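Student: The structure is given below, and queries will be raised subsequently.
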Amino acid sequence: MSGFRILVGCKRVIDYAVKVRVKPDKTGVVTEGVKHSMNPFDEIAVEEAVRMKEKKLASEIIAVSCGPQQCQETLRTALAMGVDRAIHVITEPKEYESMQPIHVSKILSKIATEEKADLVIVGKQAIDDDCNQTGQMTASLLDWPQATFASKIEKSNGDLSVMREIDGGLETIKVKVPAVLTSDLRLNEPRYATLPNIMKAKKKPLVTKKPSDYGVDITPRQEIVSVEDPPVRQAGQKVESVEELVTKLKEAGLV
Amino acid sequence: NTGLVGGSVSVFDEIVISTQLMNSIISLDEISGTLVCQAGCVLASLEDYLSNHKLTIPVDLGAKGSCHIGGNVATNAGGVRLLRYGSLHGNVLGLEAVLANGEVVDCLSTLRKDNTGYDLKQLFIGSEGTLGIITAVSLNCPQKPEAVSVAFLGCESFQSVLDIFKESRQKLGEVLSAFEFMDSQTMTVAKENLKLRSPIEDYPFYVLIETSGSNGSHDEEKLSQFLEHVMGTGIVQDGTVATEPTKIQNIWSMRERIAEGLMHDGYCYKYDVSLPLQSFYGLVEAMRERMGTMVTRVIGYGHVGDGNLHLNLTSPEYSTEVMDKIEPFLYDWVANHKGSISAEHGLGFKKKNFIYHSKSKSAVRLMKDIKHTFDPNMILNPYKVLPDF
């Protein structure tokens with residue numbers, strides 16, 4: 001059988017190592033001049049797709065990123081890791097601030113249909129909003145099965161056997177293809193893009209589209225009221241004995 | 001206590017003075033980049049403070065999370081950015097020190113240029129606490145670079161390392177901010193002892209290049225052209241490049257955590273020498289051949305851009321037999337090749353008796369005279385730095 005065509009979602013987020021600062025006007029966080037990189041869970045998704053191609057389970061990988069011009073850097077990283085071609089769905093920076101999983105999942109599902117994808121793999125969540133919704137919504141829009149929080153993906157007689165990380169431990173399910181998968185931390189360790197591949201990536205196809213090309217309206221459906229720092233952690237108190245602890249708890253009305 | 005030559009360890013009858021509580025920042029002039037602070041400020045916290053003002057400390061080393069600026073100045077600490085910003089001798093504008101007789105010497109100037117008399121602060125810098133206790137420092141801080149990129153490259157031989165260095169000086173020029181090397185045995189420590197993952201396949205030698213500048217796209221273009229060139233000419237076999245902070249930190253930690261990784265072997269015999277680049281790696285090969293199976297491993301890494309080699313040998317436990325085979329052979333080898341037996345770590349307690357390997361008798365005699373003038377009763381950090389007299 002010929003290999004899967006895989007669509008991978010790559011979100012450009014503020015880099016994990018950066019200290020995030022709230023804007024003085026409390027409308028969001030400072031992104032101007034701040035270092036961004038590919039969402040770590042999406043890197044894991046890209047890595048999984050590339051490994052599937054190396055194992056000849058996949059024959060083509062397409063990376064998609066929605067957002068402003070700089071998303072092309074994120075896509076070039078994906079191409080340097082082994083993705084074949086990329087689609088940049090461009091939005092204005094202002095529009096991007098109010099973009100939500102519902103918008104992205106509509107775009108991804110339209111692209112999946114247009115490109116005749118067999119699998120859509122995305123990170124389980126983005127490290128900036130922690131929504132954990134895009135994969136699930138995409139599956140619903142496509143009416144495809146979903147295997148989320150995947151920590152191991154194996155082929156099983158034309159279907160996929162996916163081990164999922166759940167609260168109680170590990171659960172293994174079988175999903176029929178086409179399907180949506182979301183990657184969890186322990187699925188794999190992403191490779192560094194090496195120089196020959198970084199240079200090859202410059203020549204790989206990267207097309208720019210608009211959300212309207214897919215008939216998707218990205219008018220915001222939510223309004224961000226305010227963004228604030230979490231409250232400063234209060235200093236704890238040390239007590240000398242159990243009796244003192246009980247007294248203090250009673251004073252605070254906690255027991 | 002982050003010193004590596006026992007310089008701040010009491011060995012007989014000394015009282016230890018800590019400046020840990022003297023950790024205030026006194027002033028910062030944002031226009032000139034002049035920082036004045038007390039000696040007990042931790043290097044990493046100074047860096048945090050300065051980055052809010054788009055400035056950076058001119059010295060950077062693995063111990064930044066715990067070392068004090070006073071100690072850095074007293075030992076003339078080198079670090080990974082000396083290649084770009086020069087040594088503390090150039091970046092310290094002034095200091096305040098307390099002499100053996102209790103007198104406070106105020107040389108805490110914030111002026112960039114001041115040619116009025118002998119430049120006393122230069123004596124204190126690198127004196128390892130033997131001429132006075134540094135209590136405050138005035139530092140010239142450069143602009144914090146907007147754009148940082150790191151490339152990690154693999155190559156076939158030490159000669160390739162030198163070729164890459166020459167190319168990077170020519171093609172990266174003013175944006176080059178660090179140039180470090182590691183041999184394959186060093187990578188083995190990172191992989192086996194620290195369980196770190198190498199970004200690239202195994203090679204005999206590795207080079208870490210960092211560029212910092214004010215314009216990201218300009219620097220990335222330069223770096224990209226440089227990398228295409230060195231890959232094309234075959235002096236680099238493979239490599240990776242990163243601009244994202246997380247990836248940059250991961251790559252740097254392979255170099256910065258080596259000292260930690262070596263501890264896992266048991267006992268580490270640490271050497272820090274300066275050598276002419278032509279004979280640079282020869283010392284590692286000579287020690288490897290000499291020590292054979294007496295040691296677990298012999299590794300070489302460090303600030304090759306500054307001609308500074310970190311040579312480390314490890315064995316499960318300290319062994320006098322091993323130590324006697326290493327010293328004085330290693331120091332003799334360095335002296336014969338006109339190097340320095342201590343590039344940046346200083347002499348402290350461990351290396352004081354080898355000072356004549358790198359300095360002439362007349363120079364050391366002059367040092368003793370200066371010591372006698374500053375501290376006639378020999379109460380400041382005794383038993384250290386200079387040979388007993």
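Following the order of the structure tokens, first chain is A, next is B, and so on, with residues numbered from 1 inside each chain and ligands from 1 in the order they appear.
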Given a cut-off of 12 Å, which residues of chain A touch chain B, counting only C-alpha atoms, written out as an MDAnalysis selection string?

Tutor: chainID A and resid 12:19 21 33:40 73:74 77 80:81 189:200 202

Student: So which residues touch Lys26 (chain A) within 12 Å, counting only C-alpha atoms, skipping near sequence neighbours fewer than 4 positions away, as a list in words?

Tutor: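 In the requested form, the answer reads Arg21, Val22, Val30, Ile224, Val225, Ser226, Val227, Glu228 and Asp229 of chain A.
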
Student: To one decimal place in Å, what is the distance between CA of Asn76 (chain B) and CA of Met187 (chain B)?

Tutor: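 These atoms are spaced 28.2 Å apart.
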
Student: Pick out the residues sitting within 12 Å of Ser156 (chain A), and hand them over as a PyMOL selection string; count only C-alpha atoms, and ignore anything fewer than 3 positions along from it in its own chain.

Tutor: chain A and resi 57+153+159-162+172-177

Student: Do you have the CA of Val207 (chain B)-CA of Ala286 (chain B) distance handy?

Tutor: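 Result for CA of Val207 (chain B) versus CA of Ala286 (chain B): 21.7 Å, one decimal.
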
Student: With a distance cut-off of 10 Å and only C-alpha atoms, select the neighbouring residues of Ser315 (chain B), excluding the residue or stretch itself and same-chain residues fewer than 5 positions from it, and output the selection as a PyMOL selection string.

Tutor: chain B and resi 262-269+293-298+322

Student: Could you give me, as a VMD selection string, the residues within 12 Å of Lys110 (chain A), counting only C-alpha atoms and dropping anything in the same chain fewer than 2 positions from it?

Tutor: chain A and resid 7 64 89 103 to 108 112 to 117 120 138 to 139 141 to 142 211 to 216

Student: For Leu187 (chain A), please output as a count of residues only all residues within 9 Å (counting only C-alpha atoms; exclusion window: fewer than 4 positions along the same chain).

Tutor: 9

Student: Do a neighbour search on region 8-22 of chain B at 9 Å with only C-alpha atoms, toss out local chain neighbours closer than 2 positions, and write the hits as a ChimeraX atom specification.

Tutor: /B:1-3,5-6,24,37-42,68,70,128-129,135-136,348-349,379,381-383

Student: Could you tell me which of B:Ser157, B:Ser149, B:Thr233, B:Thr186 comes closest to Glu221 (chain B) if we count only C-alpha atoms?

Tutor: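 Among the listed residues, the smallest separation from Glu221 (chain B) belongs to B:Ser149.
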
Student: Using backbone DSSP assignments, extract all strand (DSSP E) residues from region 5-144 of chain B; output them as a PyMOL selection string.

Tutor: chain B and resi 25-29+34-38+92-98+104-107+133-140

Student: What residues in region 78-248 of chain A get the DSSP label helix (DSSP H, G or I)? Please answer as a ChimeraX atom specification.

Tutor: /A:78-81,93-97,101-114,134-142,185-187,195-201,211-214,242-248

Student: Counting only C-alpha atoms, figure out which residue out of A:Pro205, A:Pro230, A:Pro68, A:Gly168 gets nearest to Lys11 (chain A).

Tutor: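 Counting only C-alpha atoms, the residue closest to Lys11 (chain A) is A:Pro68.
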
Student: Which value, in Å to one decimal, gives the distance between CA of Arg81 (chain B) and CA of Val284 (chain B)?

Tutor: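 Spanning CA of Arg81 (chain B) to CA of Val284 (chain B) is a straight-line distance of 23.6 Å.
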